[in-house]
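Source file: data22.csv; contents: CSV, C-alpha atoms.
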chain,number,residue,atom,x,y,z
G,1455,MET,CA,8.8,-15.4,-1.9
G,1456,LYS,CA,6.7,-18.2,-0.5
G,1457,ASN,CA,4.5,-16.7,2.2
G,1458,TRP,CA,2.1,-13.8,2.6
G,1459,ILE,CA,3.7,-12.4,5.7
G,1460,ALA,CA,2.4,-9.4,7.6
G,1461,PHE,CA,4.7,-7.0,9.5
G,1462,VAL,CA,4.5,-5.4,12.9
G,1463,ILE,CA,4.3,-1.6,13.2
G,1464,SER,CA,3.0,0.7,15.7
G,1465,GLY,CA,-0.8,0.6,16.3
G,1466,LEU,CA,-3.0,3.6,16.6
G,1467,ILE,CA,-6.5,4.0,17.9
G,1468,LEU,CA,-9.9,4.5,16.3
G,1469,ALA,CA,-12.3,7.2,17.3
G,1470,SER,CA,-15.4,8.6,15.9
G,1471,GLY,CA,-16.4,12.3,15.5
G,1472,GLY,CA,-13.3,13.7,17.0
G,1473,PHE,CA,-11.2,12.3,19.9
G,1474,ALA,CA,-13.7,12.5,22.7
G,1475,ALA,CA,-13.9,9.4,24.9
G,1476,TYR,CA,-16.2,6.9,23.3
G,1477,GLU,CA,-17.4,3.3,23.3
G,1478,LEU,CA,-18.5,1.6,20.1
G,1479,ASN,CA,-19.7,-1.8,19.4
G,1480,ASP,CA,-19.8,-2.2,15.6
G,1481,ARG,CA,-19.9,-5.4,13.6
G,1482,TRP,CA,-18.6,-5.5,10.1
G,1483,SER,CA,-19.3,-7.3,6.8
G,1484,ALA,CA,-17.7,-7.8,3.5
G,1485,SER,CA,-18.7,-4.4,2.3
G,1486,VAL,CA,-15.8,-2.1,1.5
G,1487,VAL,CA,-16.1,1.6,0.7
G,1488,HIS,CA,-14.6,2.5,-2.6
G,1489,ALA,CA,-16.1,6.0,-3.0
G,1490,GLU,CA,-13.9,8.6,-4.5
G,1491,SER,CA,-13.0,11.5,-2.3
G,1492,GLN,CA,-14.9,14.7,-2.9
G,1493,LEU,CA,-11.8,16.5,-1.7
G,1494,GLY,CA,-9.7,15.3,-4.6
G,1495,SER,CA,-6.3,13.7,-4.3
G,1496,PRO,CA,-4.1,15.8,-2.0
G,1497,ASP,CA,-1.0,17.4,-3.6
G,1498,ILE,CA,2.3,16.4,-2.2
G,1499,ALA,CA,3.2,18.9,0.5
G,1500,VAL,CA,6.1,21.2,-0.4
G,1501,LYS,CA,8.4,22.6,2.3
G,1502,GLU,CA,9.6,26.2,2.4
G,1503,ASP,CA,12.8,25.4,0.6
G,1504,GLY,CA,10.8,24.2,-2.4
G,1505,LYS,CA,11.5,20.5,-1.9
G,1506,PRO,CA,8.7,18.0,-1.5
G,1507,ASN,CA,7.9,16.8,2.1
G,1508,LEU,CA,9.5,13.3,2.3
G,1509,LYS,CA,7.0,11.9,4.7
G,1510,GLU,CA,4.0,13.1,2.7
G,1511,MET,CA,5.6,11.8,-0.5
G,1512,ILE,CA,6.0,8.3,1.1
G,1513,ARG,CA,2.5,8.3,2.4
G,1514,GLU,CA,1.0,9.3,-1.0
G,1515,SER,CA,3.2,6.8,-2.9
G,1516,GLN,CA,2.3,3.9,-0.6
G,1517,LYS,CA,-1.4,4.3,-1.4
G,1518,HIS,CA,-0.6,3.1,-5.0
G,1519,VAL,CA,1.7,0.2,-4.2
G,1520,VAL,CA,0.4,-3.3,-4.0
G,1521,SER,CA,1.6,-6.7,-2.9
G,1522,ILE,CA,1.1,-9.5,-5.4
G,1523,GLU,CA,0.6,-13.2,-4.6
G,1524,VAL,CA,0.7,-15.7,-7.4
G,1525,ALA,CA,-0.4,-19.4,-7.5
G,1526,LEU,CA,1.8,-21.6,-9.5
G,1527,GLU,CA,1.8,-25.3,-10.3
G,1528,ASP,CA,4.3,-26.0,-7.5
G,1529,GLY,CA,3.3,-23.4,-4.9
G,1530,THR,CA,3.0,-19.6,-4.6
G,1531,SER,CA,5.3,-16.6,-5.1
G,1532,LEU,CA,5.2,-13.1,-3.8
G,1533,GLY,CA,6.1,-9.7,-5.4
G,1534,SER,CA,5.1,-6.1,-5.6
G,1535,GLY,CA,3.7,-3.7,-8.1
G,1536,PHE,CA,2.1,-0.2,-8.5
G,1537,LEU,CA,-1.1,1.1,-10.0
G,1538,TYR,CA,-0.2,2.5,-13.4
G,1539,ASN,CA,-3.5,3.9,-14.8
G,1540,ASP,CA,-7.2,4.3,-14.0
G,1541,LYS,CA,-8.0,1.0,-15.8
G,1542,GLY,CA,-6.8,-1.0,-12.8
G,1543,ASP,CA,-3.5,-2.0,-14.5
G,1544,VAL,CA,-0.6,-2.8,-12.1
G,1545,VAL,CA,3.0,-2.9,-13.3
G,1546,THR,CA,5.3,-5.6,-12.0
G,1547,ASN,CA,8.2,-7.9,-13.0
G,1548,ALA,CA,7.6,-10.8,-15.3
G,1549,HIS,CA,9.4,-13.2,-12.9
G,1550,VAL,CA,6.8,-12.4,-10.3
G,1551,VAL,CA,3.9,-13.6,-12.4
G,1552,THR,CA,5.4,-16.1,-14.9
G,1553,GLY,CA,3.4,-19.3,-15.0
G,1554,ALA,CA,0.6,-17.8,-12.9
G,1555,LEU,CA,-2.6,-19.8,-12.6
G,1556,SER,CA,-4.2,-17.3,-10.3
G,1557,VAL,CA,-3.3,-13.9,-9.1
G,1558,ARG,CA,-4.4,-11.6,-6.3
G,1559,VAL,CA,-3.3,-8.2,-5.1
G,1560,LYS,CA,-3.4,-6.6,-1.6
G,1561,THR,CA,-3.7,-2.9,-1.5
G,1562,SER,CA,-2.5,-0.5,1.2
G,1563,ASP,CA,-5.9,-0.6,3.0
G,1564,MET,CA,-5.4,-4.5,3.3
G,1565,SER,CA,-8.2,-5.2,0.8
G,1566,ILE,CA,-7.5,-8.2,-1.5
G,1567,HIS,CA,-8.7,-8.5,-5.1
G,1568,PRO,CA,-8.2,-11.0,-8.0
G,1569,GLY,CA,-6.1,-10.0,-11.0
G,1570,LYS,CA,-5.1,-11.4,-14.3
G,1571,VAL,CA,-1.9,-11.0,-16.4
G,1572,ILE,CA,-2.6,-9.1,-19.6
G,1573,GLY,CA,0.9,-8.7,-20.9
G,1574,ILE,CA,4.4,-10.1,-20.2
G,1575,ASP,CA,7.9,-10.0,-21.6
G,1576,GLU,CA,10.2,-12.4,-19.8
G,1577,GLU,CA,13.3,-11.1,-21.5
G,1578,LYS,CA,12.8,-7.6,-20.3
G,1579,ASP,CA,11.2,-8.8,-17.0
G,1580,ILE,CA,8.1,-6.6,-17.3
G,1581,ALA,CA,4.4,-7.6,-16.9
G,1582,VAL,CA,1.1,-5.9,-16.3
G,1583,VAL,CA,-1.7,-7.3,-14.1
G,1584,ARG,CA,-5.3,-6.0,-14.6
G,1585,VAL,CA,-7.3,-5.7,-11.4
G,1586,GLU,CA,-11.0,-4.9,-12.1
G,1587,ALA,CA,-11.6,-3.7,-8.5
G,1588,LEU,CA,-9.0,-0.9,-9.0
G,1589,VAL,CA,-10.7,0.6,-12.1
G,1590,GLY,CA,-11.1,4.3,-11.6
G,1591,LYS,CA,-8.6,4.6,-8.8
G,1592,GLU,CA,-6.0,7.3,-9.0
G,1593,PRO,CA,-2.7,5.8,-10.4
G,1594,MET,CA,0.9,6.6,-9.5
G,1595,ALA,CA,2.6,9.4,-11.4
G,1596,VAL,CA,5.4,8.3,-13.7
G,1597,ASP,CA,8.4,10.1,-15.2
G,1598,LYS,CA,10.0,9.1,-18.5
G,1599,GLU,CA,11.5,12.5,-19.3
G,1600,THR,CA,13.9,13.4,-16.5
G,1601,LYS,CA,17.5,12.5,-17.1
G,1602,ILE,CA,18.6,10.4,-14.2
G,1603,GLU,CA,22.1,10.9,-12.9
G,1604,ILE,CA,24.4,9.2,-10.3
G,1605,GLY,CA,23.7,10.7,-6.9
G,1606,ASP,CA,20.0,11.3,-7.5
G,1607,GLN,CA,18.1,10.4,-4.3
G,1608,VAL,CA,15.5,7.6,-4.7
G,1609,MET,CA,13.0,5.5,-2.8
G,1610,ALA,CA,12.3,1.8,-3.5
G,1611,PHE,CA,8.8,0.7,-2.5
G,1612,GLY,CA,7.6,-2.9,-2.2
G,1613,SER,CA,7.0,-5.9,0.1
G,1614,PRO,CA,10.4,-7.4,0.9
G,1615,LEU,CA,10.0,-10.8,2.5
G,1616,GLY,CA,6.3,-10.1,2.6
G,1617,LEU,CA,6.6,-7.0,4.8
G,1618,ASP,CA,3.7,-5.0,3.3
G,1619,ASN,CA,4.3,-1.5,1.9
G,1620,THR,CA,7.9,-1.0,3.0
G,1621,VAL,CA,10.1,1.8,1.7
G,1622,THR,CA,14.0,1.9,1.5
G,1623,THR,CA,15.9,5.0,0.5
G,1624,GLY,CA,19.2,5.4,-1.3
G,1625,ILE,CA,20.8,7.0,-4.3
G,1626,ILE,CA,21.4,6.2,-8.0
G,1627,SER,CA,24.8,4.6,-7.7
G,1628,GLY,CA,25.2,3.6,-11.3
G,1629,VAL,CA,23.5,4.0,-14.7
G,1630,ASP,CA,23.5,2.0,-17.9
G,1631,ARG,CA,24.3,-1.3,-16.2
G,1632,ASP,CA,24.0,-4.6,-18.2
G,1633,MET,CA,23.5,-8.1,-16.8
G,1634,ASP,CA,21.9,-11.4,-17.6
G,1635,ILE,CA,19.9,-13.4,-15.0
G,1636,ASP,CA,18.5,-16.7,-16.4
G,1637,SER,CA,16.5,-15.8,-19.5
G,1638,THR,CA,16.3,-12.1,-18.7
G,1639,LYS,CA,18.6,-9.6,-20.3
G,1640,TYR,CA,18.8,-6.4,-18.3
G,1641,ARG,CA,20.2,-3.6,-20.4
G,1642,GLY,CA,20.9,0.0,-19.4
G,1643,VAL,CA,19.4,-0.4,-15.9
G,1644,TYR,CA,19.9,1.8,-12.8
G,1645,GLN,CA,22.1,0.6,-10.0
G,1646,ILE,CA,20.7,1.8,-6.7
G,1647,SER,CA,22.0,1.8,-3.1
G,1648,ALA,CA,18.5,1.0,-1.8
G,1649,PRO,CA,18.4,-2.7,-1.2
G,1650,ILE,CA,16.0,-5.0,-3.1
G,1651,THR,CA,15.2,-8.5,-1.8
G,1652,HIS,CA,12.5,-11.2,-2.2
G,1653,GLY,CA,9.1,-9.7,-2.4
G,1654,ASN,CA,10.4,-6.3,-3.4
G,1655,SER,CA,10.5,-7.3,-7.1
G,1656,GLY,CA,8.1,-5.2,-9.3
G,1657,GLY,CA,7.8,-2.3,-6.8
G,1658,PRO,CA,8.3,1.3,-8.1
G,1659,LEU,CA,11.5,3.2,-7.8
G,1660,VAL,CA,10.5,6.8,-7.0
G,1661,LEU,CA,12.6,9.9,-7.6
G,1662,GLU,CA,12.7,11.9,-4.4
G,1663,SER,CA,12.9,15.3,-6.1
G,1664,ASN,CA,9.4,15.0,-7.7
G,1665,GLY,CA,7.7,11.9,-6.2
G,1666,LYS,CA,7.3,10.1,-9.6
G,1667,VAL,CA,8.1,6.6,-10.7
G,1668,ILE,CA,11.4,6.4,-12.7
G,1669,GLY,CA,11.9,2.6,-12.6
G,1670,ILE,CA,10.7,-0.9,-11.7
G,1671,ASN,CA,12.8,-2.6,-9.0
G,1672,SER,CA,13.9,-6.0,-10.3
G,1673,ALA,CA,17.0,-7.5,-8.8
G,1674,GLY,CA,19.4,-7.4,-5.9
G,1675,ASN,CA,22.6,-9.0,-4.9
G,1676,ASP,CA,23.0,-11.7,-2.3
G,1677,GLN,CA,24.1,-9.3,0.4
G,1678,GLY,CA,21.2,-6.9,-0.3
G,1679,SER,CA,23.4,-3.9,-0.3
G,1680,ILE,CA,22.6,-2.8,-3.8
G,1681,GLY,CA,19.7,-3.3,-6.2
G,1682,PHE,CA,18.9,-2.8,-9.9
G,1683,SER,CA,15.9,-1.1,-11.4
G,1684,ILE,CA,14.6,-1.1,-15.0
G,1685,PRO,CA,14.2,2.5,-16.2
G,1686,TYR,CA,10.5,3.3,-16.8
G,1687,ARG,CA,11.3,5.1,-20.0
G,1688,GLN,CA,12.6,1.9,-21.5
G,1689,ILE,CA,9.3,0.0,-21.1
G,1690,ALA,CA,6.7,2.8,-21.2
G,1691,GLY,CA,5.6,2.0,-24.7
G,1692,MET,CA,5.3,-1.7,-24.0
G,1693,ILE,CA,3.1,-1.2,-21.0
G,1694,GLU,CA,0.9,1.3,-22.8
G,1695,ASP,CA,0.4,-1.2,-25.6
G,1696,TRP,CA,-0.6,-4.0,-23.3
G,1697,SER,CA,-3.1,-1.7,-21.6
G,1698,LEU,CA,-4.7,-0.9,-24.9
G,1699,ASN,CA,-4.5,-4.4,-26.3
G,1700,PRO,CA,-4.6,-7.0,-23.5
G,1701,ASP,CA,-3.6,-10.6,-24.2
G,1702,GLU,CA,-6.9,-12.4,-23.6
G,1703,GLU,CA,-5.3,-15.9,-23.7
G,1704,LEU,CA,-2.8,-14.9,-21.1
G,1705,ALA,CA,-5.5,-13.3,-19.0
G,1706,LYS,CA,-7.6,-16.5,-19.1
G,1707,GLN,CA,-4.6,-18.7,-18.2
G,1708,SER,CA,-3.6,-16.5,-15.3
G,1709,SER,CA,-7.1,-16.6,-13.8
G,1710,SER,CA,-7.8,-20.3,-14.6
G,1711,LEU,CA,-8.0,-21.4,-11.0
G,1712,GLY,CA,-9.8,-18.4,-9.6
G,1713,THR,CA,-8.7,-17.2,-6.1
G,1714,ASP,CA,-11.1,-18.7,-3.6
G,1715,ALA,CA,-10.0,-22.2,-4.4
G,1716,VAL,CA,-6.3,-21.4,-4.3
G,1717,PHE,CA,-5.5,-18.8,-1.6
G,1718,THR,CA,-6.4,-19.0,2.1
G,1719,THR,CA,-5.9,-16.2,4.5
G,1720,GLY,CA,-3.2,-18.2,6.4
G,1721,TYR,CA,-3.2,-15.9,9.4
G,1722,THR,CA,-1.6,-16.9,12.7
G,1723,LYS,CA,-2.2,-15.2,16.0
G,1724,GLU,CA,1.0,-13.2,15.5
G,1725,THR,CA,0.5,-12.2,11.8
G,1726,PHE,CA,-3.1,-11.1,12.4
G,1727,ALA,CA,-2.0,-9.0,15.4
G,1728,ALA,CA,0.5,-7.4,13.0
G,1729,ASP,CA,-2.1,-6.7,10.3
G,1730,ALA,CA,-4.5,-5.4,13.0
G,1731,GLN,CA,-1.9,-2.9,14.1
G,1732,TYR,CA,-1.1,-1.9,10.5
G,1733,ILE,CA,-4.7,-1.2,9.6
G,1734,VAL,CA,-5.2,1.1,12.6
G,1735,GLN,CA,-2.0,2.9,11.7
G,1736,TYR,CA,-3.3,3.2,8.2
G,1737,PHE,CA,-6.5,4.7,9.5
G,1738,TYR,CA,-4.7,7.4,11.5
G,1739,GLU,CA,-2.2,8.2,8.8
G,1740,SER,CA,-5.1,8.8,6.5
G,1741,LEU,CA,-6.8,11.1,9.0
G,1742,SER,CA,-3.6,13.1,9.6
G,1743,SER,CA,-3.2,13.6,5.8
G,1744,GLY,CA,-6.8,14.6,5.3
G,1745,ASP,CA,-7.6,11.5,3.4
G,1746,TYR,CA,-11.0,10.8,5.1
G,1747,VAL,CA,-12.2,8.4,2.4
G,1748,SER,CA,-9.4,6.0,3.0
G,1749,ALA,CA,-9.9,6.2,6.7
G,1750,TYR,CA,-13.6,5.6,6.4
G,1751,SER,CA,-13.1,2.6,4.2
G,1752,VAL,CA,-11.4,0.5,6.9
G,1753,LEU,CA,-14.4,0.8,9.3
G,1754,GLY,CA,-16.8,-2.1,9.8
G,1755,SER,CA,-20.0,-2.0,7.7
G,1756,ASP,CA,-22.2,-1.5,10.8
G,1757,TRP,CA,-20.2,1.4,11.8
G,1758,GLN,CA,-20.5,2.9,8.3
G,1759,THR,CA,-24.3,2.2,8.4
G,1760,LYS,CA,-24.6,4.1,11.7
G,1761,THR,CA,-22.2,6.9,10.7
G,1762,THR,CA,-22.4,8.5,7.2
G,1763,TYR,CA,-19.2,9.5,5.5
G,1764,GLU,CA,-20.2,13.2,5.8
G,1765,LYS,CA,-20.7,13.0,9.5
G,1766,PHE,CA,-17.5,11.0,9.9
G,1767,ARG,CA,-15.4,13.5,8.0
G,1768,GLU,CA,-17.0,16.4,9.9
G,1769,GLY,CA,-15.9,14.9,13.1
G,1770,TYR,CA,-12.2,15.2,12.2
G,1771,LEU,CA,-12.0,18.6,10.5
G,1772,ASN,CA,-10.7,20.2,13.6
G,1773,THR,CA,-8.0,17.6,14.1
G,1774,GLU,CA,-4.6,18.7,12.6
G,1775,SER,CA,-2.5,15.6,13.4
G,1776,VAL,CA,-2.3,12.4,15.5
G,1777,THR,CA,0.8,10.7,16.9
G,1778,VAL,CA,0.9,7.3,18.6
G,1779,THR,CA,3.2,7.5,21.7
G,1780,SER,CA,2.9,3.8,22.7
G,1781,SER,CA,0.9,0.7,21.7
G,1782,SER,CA,0.7,-3.0,22.6
G,1783,VAL,CA,-1.3,-6.1,21.7
G,1784,LEU,CA,-3.5,-7.1,24.7
G,1785,SER,CA,-4.9,-10.3,23.2
G,1786,GLY,CA,-5.7,-12.0,20.0
G,1787,THR,CA,-6.4,-15.0,17.8
G,1788,GLU,CA,-5.9,-15.7,14.1
G,1789,LYS,CA,-9.1,-13.7,13.4
G,1790,GLU,CA,-9.2,-10.8,15.9
G,1791,ALA,CA,-7.0,-8.7,18.2
G,1792,GLN,CA,-7.4,-6.3,21.1
G,1793,ILE,CA,-4.9,-3.4,20.9
G,1794,SER,CA,-4.0,-0.8,23.6
G,1795,ALA,CA,-2.6,2.6,22.6
G,1796,THR,CA,-1.9,6.1,23.8
G,1797,ILE,CA,-2.1,8.9,21.3
G,1798,GLU,CA,-1.4,12.7,21.1
G,1799,ALA,CA,-3.7,14.8,18.9
G,1800,TRP,CA,-3.4,18.4,18.0
G,1801,GLU,CA,-6.9,19.9,17.8
G,1802,ASN,CA,-8.2,23.3,16.9
G,1803,ARG,CA,-10.5,24.8,19.5
G,1804,ASP,CA,-11.8,28.2,20.4
G,1805,GLU,CA,-8.8,28.9,22.6
G,1806,GLY,CA,-6.4,27.9,19.8
G,1807,THR,CA,-4.6,24.7,18.8
G,1808,VAL,CA,-4.5,22.3,21.8
G,1809,LEU,CA,-2.5,19.1,22.4
G,1810,SER,CA,-4.7,16.4,23.9
G,1811,LYS,CA,-3.7,12.9,25.0
G,1812,TYR,CA,-5.8,9.7,25.1
G,1813,SER,CA,-5.6,6.1,26.3
G,1814,LEU,CA,-7.6,3.7,24.2
G,1815,THR,CA,-8.4,0.0,23.6
G,1816,TYR,CA,-9.9,-1.2,20.3
G,1817,LYS,CA,-10.9,-4.3,18.5
G,1818,VAL,CA,-9.9,-5.4,15.0
G,1819,LYS,CA,-11.5,-8.4,13.4
G,1820,LEU,CA,-11.3,-10.5,10.3
G,1821,GLU,CA,-14.3,-11.0,8.0
G,1822,ASN,CA,-14.3,-12.5,4.5
G,1823,ASP,CA,-10.5,-12.3,4.5
G,1824,MET,CA,-10.5,-8.6,5.2
G,1825,VAL,CA,-9.2,-6.8,8.2
G,1826,LYS,CA,-11.6,-4.2,9.7
G,1827,ILE,CA,-11.8,-2.0,12.7
G,1828,ILE,CA,-14.8,-2.9,14.8
G,1829,SER,CA,-15.1,-1.0,18.0
G,1830,GLY,CA,-13.1,0.9,20.7
G,1831,LYS,CA,-13.3,2.7,23.9
G,1832,GLY,CA,-11.0,5.2,25.6
G,1833,LYS,CA,-10.5,8.1,27.9
G,1834,LYS,CA,-8.7,11.5,27.9
G,1835,LEU,CA,-5.5,11.6,30.0

Using the file provided, produce a representation of the structure as structure tokens.
Amino acid sequence: MKNWIAFVISGLILASGGFAAYELNDRWSASVVHAESQLGSPDIAVKEDGKPNLKEMIRESQKHVVSIEVALEDGTSLGSGFLYNDKGDVVTNAHVVTGALSVRVKTSDMSIHPGKVIGIDEEKDIAVVRVEALVGKEPMAVDKETKIEIGDQVMAFGSPLGLDNTVTTGIISGVDRDMDIDSTKYRGVYQISAPITHGNSGGPLVLESNGKVIGINSAGNDQGSIGFSIPYRQIAGMIEDWSLNPDEELAKQSSSLGTDAVFTTGYTKETFAADAQYIVQYFYESLSSGDYVSAYSVLGSDWQTKTTYEKFREGYLNTESVTVTSSSVLSGTEKEAQISATIEAWENRDEGTVLSKYSLTYKVKLENDMVKIISGKGKKL
């Protein structure tokens, strides 16, 4: 739990106004788009058999999961959390933020924001962090009514070992488990087959049948083969009370050092390349799901200045889906990277739905500790 580590996943390419060949030379600044989508939040897709689409559910859930980095007197720690309400309140474990002198969270679009602890119970291992930058954002759906049984399929979200926005799947393998770890007394918790490890703590446990949070991932065994999650219904009242009546002294203490003086980006050539690939994947996953606001928000400010959101969105309305078939890092430093990729895009045209393939190269760059997509060029294959 000591480092803010990025992870390597497949990169995608960035285009503008559809997937025609292009060449862009945008520069970017600290500005980040936080406008709310006029389309509204997309409902989780349901398959013909009446069950939620798993991929869509994962995608929608990941948008509300955050990584949490905490500055302590003797170093830093790393954990996870999820956005609980529209006040910017993030639920996590107490052991993630205990003794915090400064807190910051990283969202799925790689933006980083300061936070402050407004409530904590070390015995129950629950805490809430308020993040002003997330006020008004759509929270994750929670479930304190469904009776959870052994065999129910679940998904554990978090940042294990610093690997941002990771999901593991499993089942409820036990209920009403009791155990003590240091000063924490876990009572009546879920035992799950989805592994929980360092950095996963505080992330949400989601019920696969409805896509809602039923628990907070809190502990795992040394082998990582099982985990334990606190039932959300146990601590719902406590969280609601902290949200309505935040602990001002705790908030002051947990933000006493600020963030600029404590945290540095800490990128290496390798970790920046990984985040560069991630942010472009995030861009295309957003486009494929019709979340144009999220896709637009990761563009450089000059790009946004030259292309309005309305024009940007219009350019992708005829694109049904995008798939990356290959990608690689061409070059990079701790502040920028060049990525090569080939993609396949299903596009609606006069003659019907057509599959098109493209080869592209794009630049991703760091500015004010934020990863942005700057420019790209490509050709149709």

Proximity check segment 1574-1677 of chain G to segment 1537-1551 of chain G, 10 Å, nearest pairs one decimal Å, all atoms listed in the file, as CSV:
residue,atom,partner,partner_atom,distance
G:Ile1574,CA,G:Ala1548,CA,5.9
G:Asp1575,CA,G:Ala1548,CA,6.4
G:Glu1576,CA,G:Ala1548,CA,5.4
G:Glu1577,CA,G:Ala1548,CA,8.4
G:Lys1578,CA,G:Ala1548,CA,7.9
G:Asp1579,CA,G:Ala1548,CA,4.5
G:Ile1580,CA,G:Asn1547,CA,4.5
G:Ala1581,CA,G:Ala1548,CA,4.8
G:Val1582,CA,G:Val1545,CA,4.6
G:Val1583,CA,G:Val1544,CA,5.0
G:Arg1584,CA,G:Asp1543,CA,4.4
G:Val1585,CA,G:Gly1542,CA,4.9
G:Glu1586,CA,G:Gly1542,CA,5.8
G:Ala1587,CA,G:Gly1542,CA,7.0
G:Leu1588,CA,G:Gly1542,CA,4.4
G:Val1589,CA,G:Gly1542,CA,4.3
G:Gly1590,CA,G:Asp1540,CA,4.6
G:Lys1591,CA,G:Asp1540,CA,5.4
G:Glu1592,CA,G:Asp1540,CA,6.0
G:Pro1593,CA,G:Asn1539,CA,4.9
G:Met1594,CA,G:Tyr1538,CA,5.8
G:Ala1595,CA,G:Tyr1538,CA,7.7
G:Val1596,CA,G:Tyr1538,CA,8.1
G:Thr1638,CA,G:His1549,CA,9.1
G:His1652,CA,G:Val1550,CA,10.0
G:Gly1653,CA,G:Val1550,CA,8.7
G:Asn1654,CA,G:Val1550,CA,9.9
G:Ser1655,CA,G:Asn1547,CA,6.4
G:Gly1656,CA,G:Thr1546,CA,3.9
G:Gly1657,CA,G:Thr1546,CA,6.6
G:Pro1658,CA,G:Thr1546,CA,8.5
G:Val1667,CA,G:Tyr1538,CA,9.6
G:Ile1670,CA,G:Thr1546,CA,7.2
G:Asn1671,CA,G:Asn1547,CA,8.1
G:Ser1672,CA,G:Asn1547,CA,6.6
G:Ala1673,CA,G:Asn1547,CA,9.8

Item to check | Point (-4.4, 11.7, 26.4) neighbourhood (7 Å, all atoms listed in the file) written as a PyMOL selection string | outcome: chain G and resi 1796-1798+1810-1813+1834-1835

What would the file look like if the residues just selected were written as a compact mmCIF listing (two decimals), in the frame of the given file with C-alpha atoms?
# COMPACT_ATOMS: atom_id res chain seq x y z
CA THR G 1796 -1.90 6.10 23.80
CA ILE G 1797 -2.10 8.90 21.30
CA GLU G 1798 -1.40 12.70 21.10
CA SER G 1810 -4.70 16.40 23.90
CA LYS G 1811 -3.70 12.90 25.00
CA TYR G 1812 -5.80 9.70 25.10
CA SER G 1813 -5.60 6.10 26.30
CA LYS G 1834 -8.70 11.50 27.90
CA LEU G 1835 -5.50 11.60 30.00

Next on the checklist: As an exercise, work out the distance from atom CA of Gln1731 of chain G to atom CA of Asp1756 of chain G in Å and give it to one decimal place.
Outcome noted: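 Distance between the two atoms: 20.6 Å.
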
Would you tabulate, counting all atoms listed in the file, all residues of segment 1497-1576 of chain G that have an atom at most 8 Å from an atom of segment 1737-1755 of chain G, showing the closest pair of atoms and their distance in Å to one decimal, sorted by chain then ascending number, as a tab-separated table?
residue	atom	partner	partner_atom	distance
G:Glu1510	CA	G:Ser1743	CA	7.9
G:Arg1513	CA	G:Glu1739	CA	7.9
G:Asp1563	CA	G:Val1752	CA	6.8

Checklist entry - In Å to one decimal, how far is atom CA of Ser1521 of chain G from atom CA of Val1559 of chain G? => result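 Separating atom CA of Val1559 of chain G from atom CA of Ser1521 of chain G is a distance of 5.6 Å.
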
Next on the checklist: Nearest residue to Lys1831 of chain G out of G:Glu1724, G:Lys1817, G:Ala1730, G:Glu1523, using all atoms listed in the file?
Outcome noted: G:Lys1817

Checklist entry - In Å to one decimal, how far is atom CA of Tyr1640 of chain G from atom CA of Ile1602 of chain G? => result 17.3 Å

Item to check | Who sits within 7 Å of Ile1646 of chain G, only C-alpha atoms, same chain under 5 positions skipped, as a PyMOL selection string | outcome: chain G and resi 1624-1628+1680-1682

Next on the checklist: Which residues are close to segment 1802-1808 of chain G, i.e. within 8 Å by only C-alpha atoms, leaving aside same-chain residues fewer than 5 positions away? Reply as a VMD selection string.
Outcome noted: chain G and resid 1772 to 1774

Next on the checklist: I'd like the contact shell of Tyr1816 of chain G - 6 Å cut-off, all atoms listed in the file, skipping same-chain residues fewer than 5 positions apart - returned as a ChimeraX atom specification.
Outcome noted: /G:1792-1793,1829-1830

Would you output that residue set with C-alpha atoms, as a compact mmCIF listing (two decimals), in the frame of the given file?
# COMPACT_ATOMS: atom_id res chain seq x y z
CA GLN G 1792 -7.40 -6.30 21.10
CA ILE G 1793 -4.90 -3.40 20.90
CA SER G 1829 -15.10 -1.00 18.00
CA GLY G 1830 -13.10 0.90 20.70

Checklist entry - With distances taken over all atoms listed in the file, which of G:Ala1728, G:Ile1689, G:Val1608, G:Val1783 is nearest to Ser1663 of chain G? => result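 Distance minimum relative to Ser1663 of chain G lands on G:Val1608.
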
Next on the checklist: Calculated over only C-alpha atoms, which of the candidates G:Gly1642, G:Gly1669, G:Gly1612, G:Gly1529 has the smallest distance to Ile1512 of chain G?
Outcome noted: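 Answer, going by the shortest atom-to-atom distance: G:Gly1612.
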
Item to check | Counting only C-alpha atoms, the residue of G:Glu1764, G:Asp1632, G:Glu1790, G:Glu1801 that sits nearest Ile1828 of chain G | outcome: G:Glu1790

Next on the checklist: Neighbouring residues of Thr1722 of chain G were defined as those with any atom within 9 Å, considering all atoms listed in the file; residues of the same chain fewer than 6 positions away were excluded. Please report them as a PyMOL selection string.
Outcome noted: chain G and resi 1787-1789

Checklist entry - Which one is closest to Ile1604 of chain G: G:Ser1683, G:Thr1620, G:Gln1645, G:Ser1562? Count all atoms listed in the file. => result G:Gln1645

Item to check | Counting all atoms listed in the file, the residue of G:Ile1522, G:Leu1711, G:Ile1650, G:Val1643 that sits nearest Leu1555 of chain G | outcome: G:Leu1711
